[in-house]
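Engineer: Structure file model09.pdb (PDB, C-alpha atoms and all ligand atoms) is given on the next line.
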ATOM      1  CA  MET X   1       0.000   0.000   0.000
ATOM      2  CA  ALA X   2       1.328   3.481  -0.874
ATOM      3  CA  TYR X   3       1.730   5.995   1.962
ATOM      4  CA  ASP X   4      -1.545   7.911   2.437
ATOM      5  CA  THR X   5      -0.567  11.574   2.838
ATOM      6  CA  ASP X   6      -3.973  12.268   4.415
ATOM      7  CA  ASN X   7      -3.659   9.817   7.329
ATOM      8  CA  VAL X   8      -4.457  11.182  10.798
ATOM      9  CA  PHE X   9      -0.824  11.444  11.965
ATOM     10  CA  ALA X  10       0.184  13.245   8.749
ATOM     11  CA  GLN X  11      -2.644  15.692   9.508
ATOM     12  CA  ILE X  12      -1.311  16.162  13.047
ATOM     13  CA  LEU X  13       2.181  16.868  11.655
ATOM     14  CA  GLU X  14       0.702  19.435   9.274
ATOM     15  CA  GLY X  15      -1.221  21.096  12.123
ATOM     16  CA  LYS X  16      -4.558  20.252  10.506
ATOM     17  CA  MET X  17      -5.582  18.132  13.494
ATOM     18  CA  PRO X  18      -4.961  18.862  17.206
ATOM     19  CA  ALA X  19      -2.664  16.767  19.377
ATOM     20  CA  HIS X  20      -1.455  16.833  22.979
ATOM     21  CA  LYS X  21       2.207  17.351  22.182
ATOM     22  CA  VAL X  22       4.889  16.358  24.668
ATOM     23  CA  PHE X  23       8.001  16.874  22.521
ATOM     24  CA  GLU X  24       9.070  17.879  19.029
ATOM     25  CA  ASN X  25      12.405  18.201  17.245
ATOM     26  CA  GLU X  26      13.534  18.415  13.611
ATOM     27  CA  HIS X  27      12.868  14.740  12.902
ATOM     28  CA  THR X  28      10.216  13.531  15.340
ATOM     29  CA  PHE X  29       6.981  14.434  17.130
ATOM     30  CA  ALA X  30       5.694  12.909  20.381
ATOM     31  CA  PHE X  31       2.085  13.213  21.594
ATOM     32  CA  MET X  32      -0.517  11.537  23.780
ATOM     33  CA  ASP X  33      -2.512   8.612  22.405
ATOM     34  CA  ILE X  34      -6.166   9.735  22.551
ATOM     35  CA  MET X  35      -7.308   6.225  23.480
ATOM     36  CA  PRO X  36      -4.625   5.391  26.027
ATOM     37  CA  VAL X  37      -4.254   1.912  27.458
ATOM     38  CA  SER X  38      -2.620   3.487  30.524
ATOM     39  CA  VAL X  39      -1.876   6.934  31.935
ATOM     40  CA  GLY X  40       1.018   8.386  29.939
ATOM     41  CA  HIS X  41       0.520   6.284  26.772
ATOM     42  CA  THR X  42       2.575   8.274  24.264
ATOM     43  CA  LEU X  43       3.178   7.945  20.520
ATOM     44  CA  ILE X  44       6.439   8.856  18.793
ATOM     45  CA  ILE X  45       6.350   9.477  15.052
ATOM     46  CA  PRO X  46       8.950  10.429  12.442
ATOM     47  CA  LYS X  47       8.284  13.561  10.424
ATOM     48  CA  ALA X  48       9.414  11.629   7.352
ATOM     49  CA  GLU X  49       6.699   9.774   5.455
ATOM     50  CA  ALA X  50       6.681   6.067   6.285
ATOM     51  CA  GLU X  51       3.807   3.692   6.701
ATOM     52  CA  ASN X  52       5.598   0.952   8.618
ATOM     53  CA  ILE X  53       8.987  -0.607   9.449
ATOM     54  CA  PHE X  54       9.414  -1.748   5.839
ATOM     55  CA  ASP X  55       9.477   1.702   4.255
ATOM     56  CA  LEU X  56      11.034   3.578   7.190
ATOM     57  CA  GLU X  57      14.564   4.774   6.327
ATOM     58  CA  ASN X  58      17.329   4.118   8.868
ATOM     59  CA  GLU X  59      17.884   7.756   9.789
ATOM     60  CA  PRO X  60      14.306   8.632  10.765
ATOM     61  CA  GLY X  61      14.116   5.212  12.449
ATOM     62  CA  SER X  62      17.141   6.096  14.599
ATOM     63  CA  GLU X  63      15.654   9.481  15.400
ATOM     64  CA  VAL X  64      12.397   7.834  16.523
ATOM     65  CA  PHE X  65      14.379   5.556  18.815
ATOM     66  CA  LYS X  66      16.362   8.463  20.291
ATOM     67  CA  THR X  67      13.137  10.359  21.022
ATOM     68  CA  THR X  68      11.544   7.186  22.390
ATOM     69  CA  LYS X  69      14.414   6.826  24.883
ATOM     70  CA  LYS X  70      14.119  10.478  25.896
ATOM     71  CA  ILE X  71      10.363  10.259  26.494
ATOM     72  CA  ALA X  72      10.674   6.894  28.266
ATOM     73  CA  HIS X  73      13.118   8.495  30.726
ATOM     74  CA  ALA X  74      10.825  11.509  31.181
ATOM     75  CA  ILE X  75       7.831   9.237  31.857
ATOM     76  CA  GLN X  76       9.883   7.159  34.274
ATOM     77  CA  ALA X  77      10.963  10.274  36.178
ATOM     78  CA  SER X  78       7.576  12.000  36.277
ATOM     79  CA  LEU X  79       4.808   9.378  36.286
ATOM     80  CA  LYS X  80       6.827   6.725  38.145
ATOM     81  CA  PRO X  81       5.435   3.624  36.405
ATOM     82  CA  THR X  82       6.636   0.265  37.688
ATOM     83  CA  GLY X  83       7.198  -0.983  34.128
ATOM     84  CA  LEU X  84       7.146   0.274  30.571
ATOM     85  CA  ILE X  85       6.166  -1.376  27.272
ATOM     86  CA  LEU X  86       7.296  -0.351  23.782
ATOM     87  CA  THR X  87       5.152  -1.630  20.914
ATOM     88  CA  GLN X  88       5.055  -0.947  17.209
ATOM     89  CA  LEU X  89       2.539  -2.611  14.875
ATOM     90  CA  ASN X  90       3.065  -3.222  11.149
ATOM     91  CA  GLY X  91       0.110  -4.024   8.911
ATOM     92  CA  THR X  92      -3.603  -4.540   9.454
ATOM     93  CA  ASP X  93      -3.107  -8.155  10.474
ATOM     94  CA  ALA X  94      -0.738  -7.016  13.215
ATOM     95  CA  GLY X  95      -3.394  -4.579  14.467
ATOM     96  CA  GLN X  96      -2.035  -1.380  12.904
ATOM     97  CA  THR X  97      -4.838   1.152  12.531
ATOM     98  CA  VAL X  98      -2.986   4.359  11.617
ATOM     99  CA  PHE X  99      -0.702   4.016   8.628
ATOM    100  CA  HIS X 100       2.059   6.415   9.568
ATOM    101  CA  TYR X 101       4.899   4.638  11.421
ATOM    102  CA  HIS X 102       4.611   5.081  15.209
ATOM    103  CA  MET X 103       6.130   3.732  18.389
ATOM    104  CA  HIS X 104       3.866   3.273  21.423
ATOM    105  CA  ILE X 105       5.298   3.972  24.876
ATOM    106  CA  ILE X 106       2.986   2.357  27.414
ATOM    107  CA  PRO X 107       3.756   2.899  31.097
ATOM    108  CA  VAL X 108       2.631   0.062  33.378
ATOM    109  CA  TYR X 109       1.617   0.553  37.010
ATOM    110  CA  GLU X 110       1.537  -2.164  39.636
ATOM    111  CA  LYS X 111      -1.994  -3.536  40.193
ATOM    112  CA  MET X 112      -3.447  -1.263  37.458
ATOM    113  CA  PRO X 113      -4.651  -3.325  34.474
ATOM    114  CA  LEU X 114      -4.118  -1.956  30.956
ATOM    115  CA  ARG X 115      -7.234  -0.790  29.089
ATOM    116  CA  MET X 116      -8.175  -2.249  25.712
ATOM    117  CA  HIS X 117      -6.138  -0.876  22.779
ATOM    118  CA  GLY X 118      -7.925   1.872  20.819
ATOM    119  CA  LYS X 119     -11.332   1.559  22.511
ATOM    120  CA  GLU X 120     -11.993   4.511  24.813
ATOM    121  CA  VAL X 121     -11.281   8.170  24.053
ATOM    122  CA  GLU X 122      -9.716   9.845  27.097
ATOM    123  CA  ASP X 123     -10.919  13.155  28.520
ATOM    124  CA  SER X 124      -9.013  15.955  26.786
ATOM    125  CA  ASP X 125      -8.172  17.789  30.053
ATOM    126  CA  ALA X 126      -6.670  14.615  31.514
ATOM    127  CA  LEU X 127      -4.544  14.117  28.385
ATOM    128  CA  ALA X 128      -3.451  17.768  28.449
ATOM    129  CA  LYS X 129      -2.415  17.456  32.113
ATOM    130  CA  THR X 130      -0.371  14.297  31.514
ATOM    131  CA  ALA X 131       1.218  15.821  28.392
ATOM    132  CA  LYS X 132       2.308  18.868  30.435
ATOM    133  CA  THR X 133       3.799  16.622  33.132
ATOM    134  CA  ILE X 134       5.867  14.669  30.599
ATOM    135  CA  GLU X 135       6.825  17.809  28.662
ATOM    136  CA  GLN X 136       8.106  19.427  31.871
ATOM    137  CA  ALA X 137      10.078  16.277  32.760
ATOM    138  CA  VAL X 138      11.775  16.422  29.336
ATOM    139  CA  LYS X 139      12.696  20.077  29.941
ATOM    140  CA  ASP X 140      14.012  19.266  33.419
ATOM    141  CA  MET X 141      16.139  16.430  32.004
ATOM    142  CA  ASP X 142      17.499  18.614  29.204
ATOM    143  CA  SER X 143      18.407  21.442  31.588
ATOM    144  CA  GLY X 144      19.813  19.211  34.318
TER     145      GLY X 144
HETATM  146  P1  LIG X 201      -1.917   1.297  15.999
HETATM  147  O1  LIG X 201      -3.080   0.387  16.296
HETATM  148  O2  LIG X 201      -0.595   0.756  16.445
HETATM  149  O3  LIG X 201      -1.926   1.737  14.551
HETATM  150  O4  LIG X 201      -2.125   2.551  16.913
HETATM  151  C1  LIG X 201      -2.783   3.710  16.522
HETATM  152  C2  LIG X 201      -3.011   4.478  17.791
HETATM  153  O5  LIG X 201      -3.344   5.793  17.429
HETATM  154  C3  LIG X 201      -4.163   3.947  18.655
HETATM  155  O6  LIG X 201      -3.644   3.594  19.925
HETATM  156  C4  LIG X 201      -5.138   5.108  18.717
HETATM  157  O7  LIG X 201      -5.706   5.252  19.992
HETATM  158  C5  LIG X 201      -4.253   6.295  18.365
HETATM  159  N1  LIG X 201      -4.916   7.410  17.735
HETATM  160  C6  LIG X 201      -5.806   7.390  16.719
HETATM  161  N2  LIG X 201      -6.169   8.632  16.357
HETATM  162  C7  LIG X 201      -5.444   9.482  17.156
HETATM  163  C8  LIG X 201      -5.343  10.902  17.272
HETATM  164  N3  LIG X 201      -6.058  11.728  16.512
HETATM  165  N4  LIG X 201      -4.514  11.404  18.215
HETATM  166  C9  LIG X 201      -3.800  10.591  19.006
HETATM  167  N5  LIG X 201      -3.844   9.252  18.940
HETATM  168  C10 LIG X 201      -4.646   8.699  18.030
END
In structure tokens, write the structure found in this file.
Structural biologist:
Amino acid sequence: MAYDTDNVFAQILEGKMPAHKVFENEHTFAFMDIMPVSVGHTLIIPKAEAENIFDLENEPGSEVFKTTKKIAHAIQASLKPTGLILTQLNGTDAGQTVFHYHMHIIPVYEKMPLRMHGKEVEDSDALAKTAKTIEQAVKDMDSG
């Protein structure tokens, strides 16, 4: 399948659709998943067009991983999860629903079960609050 330039994450990158941003640099954009499976569920996307792992070039792939590490550390420092899952789905049969490459960061908290993937839209104020917490933790890390 050819990359669909109108997919929802492409629209977010173009500013045509809102997102709760936690971090942005030249190559990547990080924002809250609107249907989080846990508090702090964050998505990291490359700015380069890529549908999945198979058409993602090495350089944007490396940049996504660098940003993923940064946000994972910020989540660890601020939200204090007891575990953290990274997932990345490729193709409809794997469960991919948005066809712009993305890494999920899913914090896990002891005795708090994960919600179902992509089922329940979270309250916008709650997402905004969590995004601010993570964003501040990134700033604190970068300045400290
Ligand atoms: P995947 O199933 O790996 O393709 O994941 C796509 C993710 O994107 C799901 O977890 C959705 O909850 C999330 N999602 C869909 N639309 C939006 C949006 N407009 N803003 C933020 N997250 C979204």
Engineer: Please tabulate, as CSV, the residues of chain X that come within 7 Å of ligand LIG 201 (chain X), each with its closest pair of atoms and the distance in Å to one decimal, counting only C-alpha atoms and all ligand atoms and ordering rows by chain, then residue number upward.
Structural biologist:
residue,atom,partner,partner_atom,distance
X:Val8,CA,X:LIG201,N3,6.0
X:Phe9,CA,X:LIG201,N3,6.9
X:Ala19,CA,X:LIG201,N4,5.8
X:Phe31,CA,X:LIG201,C9,6.9
X:Met32,CA,X:LIG201,C9,5.9
X:Asp33,CA,X:LIG201,N5,3.8
X:Ile34,CA,X:LIG201,N5,4.3
X:Met35,CA,X:LIG201,O7,4.0
X:Pro36,CA,X:LIG201,O7,6.1
X:Gln88,CA,X:LIG201,O2,6.0
X:Leu89,CA,X:LIG201,O2,4.9
X:Gly95,CA,X:LIG201,O1,5.3
X:Gln96,CA,X:LIG201,O3,3.5
X:Thr97,CA,X:LIG201,O3,3.6
X:Val98,CA,X:LIG201,O3,4.1
X:Phe99,CA,X:LIG201,O3,6.5
X:His102,CA,X:LIG201,O2,6.9
X:His117,CA,X:LIG201,O6,5.9
X:Gly118,CA,X:LIG201,O7,4.1
Engineer: Go ahead and write the selection's residues with C-alpha atoms as a short mmCIF file (atom, residue, chain, number, x, y, z; two decimals), in the coordinates of the input.
Structural biologist:
data_model
loop_
_atom_site.label_atom_id
_atom_site.label_comp_id
_atom_site.auth_asym_id
_atom_site.auth_seq_id
_atom_site.Cartn_x
_atom_site.Cartn_y
_atom_site.Cartn_z
CA VAL X 8 -4.46 11.18 10.80
CA PHE X 9 -0.82 11.44 11.96
CA ALA X 19 -2.66 16.77 19.38
CA PHE X 31 2.08 13.21 21.59
CA MET X 32 -0.52 11.54 23.78
CA ASP X 33 -2.51 8.61 22.40
CA ILE X 34 -6.17 9.74 22.55
CA MET X 35 -7.31 6.22 23.48
CA PRO X 36 -4.62 5.39 26.03
CA GLN X 88 5.06 -0.95 17.21
CA LEU X 89 2.54 -2.61 14.88
CA GLY X 95 -3.39 -4.58 14.47
CA GLN X 96 -2.04 -1.38 12.90
CA THR X 97 -4.84 1.15 12.53
CA VAL X 98 -2.99 4.36 11.62
CA PHE X 99 -0.70 4.02 8.63
CA HIS X 102 4.61 5.08 15.21
CA HIS X 117 -6.14 -0.88 22.78
CA GLY X 118 -7.92 1.87 20.82
#
Engineer: Using only C-alpha atoms, pick whichever of X:Lys139, X:Lys69, X:His41, X:His27 has the shortest atom-to-atom distance to X:Val108.
Structural biologist: X:His41
Engineer: State, in Å with one decimal place, the distance from atom CA of X:Met103 to atom CA of X:Pro46.
Structural biologist: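 Interatomic distance, atom CA of X:Met103 to atom CA of X:Pro46: 9.4 Å.
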Engineer: So, with all atoms listed in the file as the atoms that count, which of X:Leu86, X:Met141, X:Ala128, X:Leu79 lies closest to X:Val39?
Structural biologist: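 Of the candidates, the smallest distance to X:Val39 is held by X:Leu79.
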Engineer: Counting all atoms listed in the file, which residue out of X:Ala137, X:Ala74, X:Val64, X:Ala30 sits closest to X:Pro107?
Structural biologist: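 Ranked by minimum distance to X:Pro107, first place goes to X:Ala74.
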Engineer: For X:Val22, please output as a VMD selection string all residues within 12 Å (counting all atoms listed in the file; exclusion window: fewer than 5 positions along the same chain).
Structural biologist: chain X and resid 28 to 33 40 to 45 67 to 68 70 to 72 74 to 75 127 to 139
Engineer: Figure out the distance between atom CA of X:Ser38 and atom CA of X:Val121, please, to one decimal in Å.
Structural biologist: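 Calculated distance between atom CA of X:Val121 and atom CA of X:Ser38 is 11.8 Å.
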Engineer: Convert the output of the PyMOL selection byres (((chain X and resi 51) around 9) and not hetatm) on the shown file into explicit residues, formatted as a PyMOL selection string.
Structural biologist: chain X and resi 1-4+49-50+52-56+90-91+98-102
Engineer: Store the residues of this selection in a file with C-alpha atoms, as a PDB file, in the frame of the given file.
Structural biologist:
ATOM      1  CA  MET X   1       0.000   0.000   0.000  1.00  0.00           C
ATOM      2  CA  ALA X   2       1.328   3.481  -0.874  1.00  0.00           C
ATOM      3  CA  TYR X   3       1.730   5.995   1.962  1.00  0.00           C
ATOM      4  CA  ASP X   4      -1.545   7.911   2.437  1.00  0.00           C
ATOM      5  CA  GLU X  49       6.699   9.774   5.455  1.00  0.00           C
ATOM      6  CA  ALA X  50       6.681   6.067   6.285  1.00  0.00           C
ATOM      7  CA  ASN X  52       5.598   0.952   8.618  1.00  0.00           C
ATOM      8  CA  ILE X  53       8.987  -0.607   9.449  1.00  0.00           C
ATOM      9  CA  PHE X  54       9.414  -1.748   5.839  1.00  0.00           C
ATOM     10  CA  ASP X  55       9.477   1.702   4.255  1.00  0.00           C
ATOM     11  CA  LEU X  56      11.034   3.578   7.190  1.00  0.00           C
ATOM     12  CA  ASN X  90       3.065  -3.222  11.149  1.00  0.00           C
ATOM     13  CA  GLY X  91       0.110  -4.024   8.911  1.00  0.00           C
ATOM     14  CA  VAL X  98      -2.986   4.359  11.617  1.00  0.00           C
ATOM     15  CA  PHE X  99      -0.702   4.016   8.628  1.00  0.00           C
ATOM     16  CA  HIS X 100       2.059   6.415   9.568  1.00  0.00           C
ATOM     17  CA  TYR X 101       4.899   4.638  11.421  1.00  0.00           C
ATOM     18  CA  HIS X 102       4.611   5.081  15.209  1.00  0.00           C
TER      19      HIS X 102
END
Engineer: Quick one: pull the distance between atom CA of X:Pro113 and atom CA of X:Thr82, Å, one decimal.
Structural biologist: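 For atom CA of X:Pro113 relative to atom CA of X:Thr82, the distance reads 12.3 Å.
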Engineer: Could you check which of X:Glu110, X:Asp93, X:Asp142, X:Glu57 is closest to X:Pro81, using only C-alpha atoms?
Structural biologist: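 Using only C-alpha atoms, the shortest distance to X:Pro81 belongs to X:Glu110.
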Engineer: So, counting all atoms listed in the file, which residue among X:Thr92, X:Gln11, X:Asn25, X:Gln76 is closest to X:Ile105?
Structural biologist: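 Nearest to X:Ile105: X:Gln76.
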Engineer: Quick test: take stretch 100-127 of chain X, keep N, CA and C atoms, and write it as a short mmCIF file (atom, residue, chain, number, x, y, z; two decimals), in the first residue's frame.
Structural biologist:
data_model
loop_
_atom_site.label_atom_id
_atom_site.label_comp_id
_atom_site.auth_asym_id
_atom_site.auth_seq_id
_atom_site.Cartn_x
_atom_site.Cartn_y
_atom_site.Cartn_z
N HIS X 100 0.83 5.63 9.52
CA HIS X 100 2.06 6.42 9.57
C HIS X 100 2.84 5.77 10.71
N TYR X 101 4.09 5.37 10.43
CA TYR X 101 4.90 4.64 11.42
C TYR X 101 4.82 5.30 12.80
N HIS X 102 4.62 4.52 13.85
CA HIS X 102 4.61 5.08 15.21
C HIS X 102 5.04 4.05 16.23
N MET X 103 5.72 4.55 17.25
CA MET X 103 6.13 3.73 18.39
C MET X 103 5.20 4.08 19.55
N HIS X 104 4.67 3.05 20.21
CA HIS X 104 3.87 3.27 21.42
C HIS X 104 4.79 3.17 22.63
N ILE X 105 4.68 4.12 23.55
CA ILE X 105 5.30 3.97 24.88
C ILE X 105 4.14 3.81 25.85
N ILE X 106 4.10 2.67 26.51
CA ILE X 106 2.99 2.36 27.41
C ILE X 106 3.52 2.12 28.82
N PRO X 107 3.34 3.11 29.71
CA PRO X 107 3.76 2.90 31.10
C PRO X 107 2.84 1.87 31.76
N VAL X 108 3.40 1.09 32.64
CA VAL X 108 2.63 0.06 33.38
C VAL X 108 2.76 0.37 34.87
N TYR X 109 1.63 0.25 35.58
CA TYR X 109 1.62 0.55 37.01
C TYR X 109 1.17 -0.69 37.76
N GLU X 110 1.86 -0.98 38.84
CA GLU X 110 1.54 -2.16 39.64
C GLU X 110 0.04 -2.18 40.00
N LYS X 111 -0.58 -3.31 39.83
CA LYS X 111 -1.99 -3.54 40.19
C LYS X 111 -2.96 -2.64 39.41
N MET X 112 -2.53 -2.07 38.28
CA MET X 112 -3.45 -1.26 37.46
C MET X 112 -3.50 -1.91 36.07
N PRO X 113 -4.61 -2.62 35.76
CA PRO X 113 -4.65 -3.33 34.47
C PRO X 113 -4.66 -2.36 33.29
N LEU X 114 -4.09 -2.78 32.16
CA LEU X 114 -4.12 -1.96 30.96
C LEU X 114 -5.52 -1.97 30.38
N ARG X 115 -5.94 -0.83 29.78
CA ARG X 115 -7.23 -0.79 29.09
C ARG X 115 -7.07 -1.44 27.71
N MET X 116 -8.21 -1.68 27.06
CA MET X 116 -8.17 -2.25 25.71
C MET X 116 -7.57 -1.23 24.74
N HIS X 117 -6.78 -1.72 23.80
CA HIS X 117 -6.14 -0.88 22.78
C HIS X 117 -7.18 -0.21 21.87
N GLY X 118 -7.11 1.13 21.78
CA GLY X 118 -7.93 1.87 20.82
C GLY X 118 -9.43 1.79 21.02
N LYS X 119 -9.89 1.73 22.28
CA LYS X 119 -11.33 1.56 22.51
C LYS X 119 -12.01 2.80 23.09
N GLU X 120 -11.33 3.46 24.04
CA GLU X 120 -11.99 4.51 24.81
C GLU X 120 -11.24 5.83 24.68
N VAL X 121 -11.93 6.87 24.18
CA VAL X 121 -11.28 8.17 24.05
C VAL X 121 -11.18 8.82 25.43
N GLU X 122 -9.96 9.26 25.77
CA GLU X 122 -9.72 9.85 27.10
C GLU X 122 -10.17 11.31 27.11
N ASP X 123 -10.55 11.76 28.30
CA ASP X 123 -10.92 13.15 28.52
C ASP X 123 -9.74 14.07 28.12
N SER X 124 -10.05 15.09 27.34
CA SER X 124 -9.01 15.96 26.79
C SER X 124 -8.21 16.67 27.88
N ASP X 125 -8.89 17.10 28.97
CA ASP X 125 -8.17 17.79 30.05
C ASP X 125 -7.17 16.86 30.73
N ALA X 126 -7.57 15.60 30.89
CA ALA X 126 -6.67 14.61 31.51
C ALA X 126 -5.45 14.39 30.62
N LEU X 127 -5.67 14.30 29.31
CA LEU X 127 -4.54 14.12 28.39
C LEU X 127 -3.62 15.34 28.41
#
